[in-house]
Amino acid sequence: MTEQQPSVGRTVHYVSRGSADGAYASECRAAIITAVEPSEGDGSLANMRGPEPVSLAVLNPEGMFFKQGCRHSEGAQTGGTWHWPERV
Ligand SMILES: [Zn+2]
């Protein structure tokens with residue numbers, strides 16, 4: 001388990017949302033962190049849940065879009081979350 005902290009300018013993976021009919025699977029897309037959102041409260045809960053939500057510039061092959069409040073999910077890689085790029 002990495003203990004990296006997200007910071008502006010880092011490159012991560014954003015998990016695209018697959019289409020509801022399954023025609024498009026969710027996939028890892030390159031994304032650059034554009035902002036790290038402050039955690040609420042004293043941070044103890046946020047620490048248990050992992051890093052703060054971040055804002056991303058998501059780079060798709062067809063174009064790019066911007067996303068705010070993106071949650072970190074290292075294991076499940078649910079659509080709409082980000083994670084550190086897998087080592088290959
Ligand atoms: Zn990935």
# chains A, B, ... in the order shown; residues from 1 in each chain; ligands from 1
>>> closest_atom_pairs(of="chain A", to="ligand 1", cutoff="6 Å", atoms="only C-alpha atoms and all ligand atoms", output="Markdown table")
| residue | atom | partner | partner_atom_place_in_ligand_line | distance |
| --- | --- | --- | --- | --- |
| A:His13 | CA | ligand 1 | 1 (Zn) | 4.9 |
| A:Cys28 | CA | ligand 1 | 1 (Zn) | 4.5 |
| A:Pro85 | CA | ligand 1 | 1 (Zn) | 5.0 |
| A:Glu86 | CA | ligand 1 | 1 (Zn) | 5.5 |
>>> residues_around(residues="Ser16 in chain A", least_positions_apart="6", cutoff="12 Å", atoms="only C-alpha atoms", output="ChimeraX atom specification")
/A:24-31,58-61,64-65,67,70,77-83
>>> closest_residue(among="A:Ala23, A:Trp84, A:Ser55, A:His72", to="Thr11 in chain A", atoms="only C-alpha atoms")
A:Trp84
>>> atom_distance(atom1="CA of Gly63 in chain A", atom2="CA of Gln5 in chain A")
27.1 Å
>>> residues_around(residues="Arg10 in chain A", least_positions_apart="6", cutoff="9 Å", atoms="only C-alpha atoms", output="PDB file with all heavy atoms, in the first residue's frame")
ATOM      1  N   ALA A  31      -4.983  11.064 -16.126  1.00  0.00           N
ATOM      2  CA  ALA A  31      -5.579  12.283 -15.575  1.00  0.00           C
ATOM      3  C   ALA A  31      -4.521  13.031 -14.779  1.00  0.00           C
ATOM      4  O   ALA A  31      -3.647  12.421 -14.146  1.00  0.00           O
ATOM      5  CB  ALA A  31      -6.770  11.941 -14.686  1.00  0.00           C
ATOM      6  N   ILE A  32      -4.599  14.336 -14.832  1.00  0.00           N
ATOM      7  CA  ILE A  32      -3.669  15.181 -14.086  1.00  0.00           C
ATOM      8  C   ILE A  32      -4.434  15.880 -12.969  1.00  0.00           C
ATOM      9  O   ILE A  32      -5.528  16.420 -13.198  1.00  0.00           O
ATOM     10  CB  ILE A  32      -3.006  16.214 -15.016  1.00  0.00           C
ATOM     11  CG1 ILE A  32      -2.183  15.483 -16.080  1.00  0.00           C
ATOM     12  CG2 ILE A  32      -2.141  17.180 -14.222  1.00  0.00           C
ATOM     13  CD1 ILE A  32      -1.738  16.362 -17.222  1.00  0.00           C
ATOM     14  N   ILE A  33      -3.890  15.841 -11.775  1.00  0.00           N
ATOM     15  CA  ILE A  33      -4.538  16.483 -10.628  1.00  0.00           C
ATOM     16  C   ILE A  33      -4.423  18.001 -10.783  1.00  0.00           C
ATOM     17  O   ILE A  33      -3.324  18.544 -10.904  1.00  0.00           O
ATOM     18  CB  ILE A  33      -3.904  16.016  -9.301  1.00  0.00           C
ATOM     19  CG1 ILE A  33      -4.107  14.500  -9.120  1.00  0.00           C
ATOM     20  CG2 ILE A  33      -4.495  16.794  -8.122  1.00  0.00           C
ATOM     21  CD1 ILE A  33      -3.451  13.937  -7.867  1.00  0.00           C
ATOM     22  N   THR A  34      -5.573  18.675 -10.795  1.00  0.00           N
ATOM     23  CA  THR A  34      -5.592  20.133 -10.935  1.00  0.00           C
ATOM     24  C   THR A  34      -5.846  20.830  -9.608  1.00  0.00           C
ATOM     25  O   THR A  34      -5.585  22.023  -9.488  1.00  0.00           O
ATOM     26  CB  THR A  34      -6.666  20.566 -11.942  1.00  0.00           C
ATOM     27  OG1 THR A  34      -7.922  20.032 -11.529  1.00  0.00           O
ATOM     28  CG2 THR A  34      -6.348  20.042 -13.340  1.00  0.00           C
TER      29      THR A  34
END
>>> select_by_dssp(residues="chain A", states="alpha helix (DSSP H)", output="PyMOL selection string")
chain A and resi 44-49
>>> write_last_selection(atoms="N, CA and C atoms", output="CSV table (one decimal), in the first residue's frame")
chain,number,residue,atom,x,y,z
A,44,SER,N,-9.4,13.0,10.7
A,44,SER,CA,-9.3,11.6,11.2
A,44,SER,C,-10.2,10.7,10.3
A,45,LEU,N,-11.4,11.2,10.1
A,45,LEU,CA,-12.3,10.4,9.2
A,45,LEU,C,-11.7,10.3,7.8
A,46,ALA,N,-11.3,11.5,7.3
A,46,ALA,CA,-10.7,11.5,5.9
A,46,ALA,C,-9.5,10.6,5.8
A,47,ASN,N,-8.7,10.5,6.8
A,47,ASN,CA,-7.5,9.6,6.8
A,47,ASN,C,-8.0,8.2,6.7
A,48,MET,N,-9.1,7.8,7.4
A,48,MET,CA,-9.5,6.4,7.3
A,48,MET,C,-10.0,6.1,5.9
A,49,ARG,N,-10.6,7.1,5.2
A,49,ARG,CA,-11.1,6.9,3.9
A,49,ARG,C,-10.1,7.0,2.8
>>> closest_residue(among="A:Ala76, A:Val88, A:Ala20, A:Val36", to="Leu56 in chain A", atoms="only C-alpha atoms")
A:Val36
>>> select_by_dssp(residues="chain A", states="strand (DSSP E or B)", output="PyMOL selection string")
chain A and resi 11-15+28-36+54-60+63-72+81-83
>>> closest_residue(among="A:Gly9, A:Pro38, A:Arg71, A:Arg87", to="Pro53 in chain A", atoms="only C-alpha atoms")
A:Arg71
>>> atom_distance(atom1="CA of Glu52 in chain A", atom2="CA of Ser19 in chain A")
26.8 Å
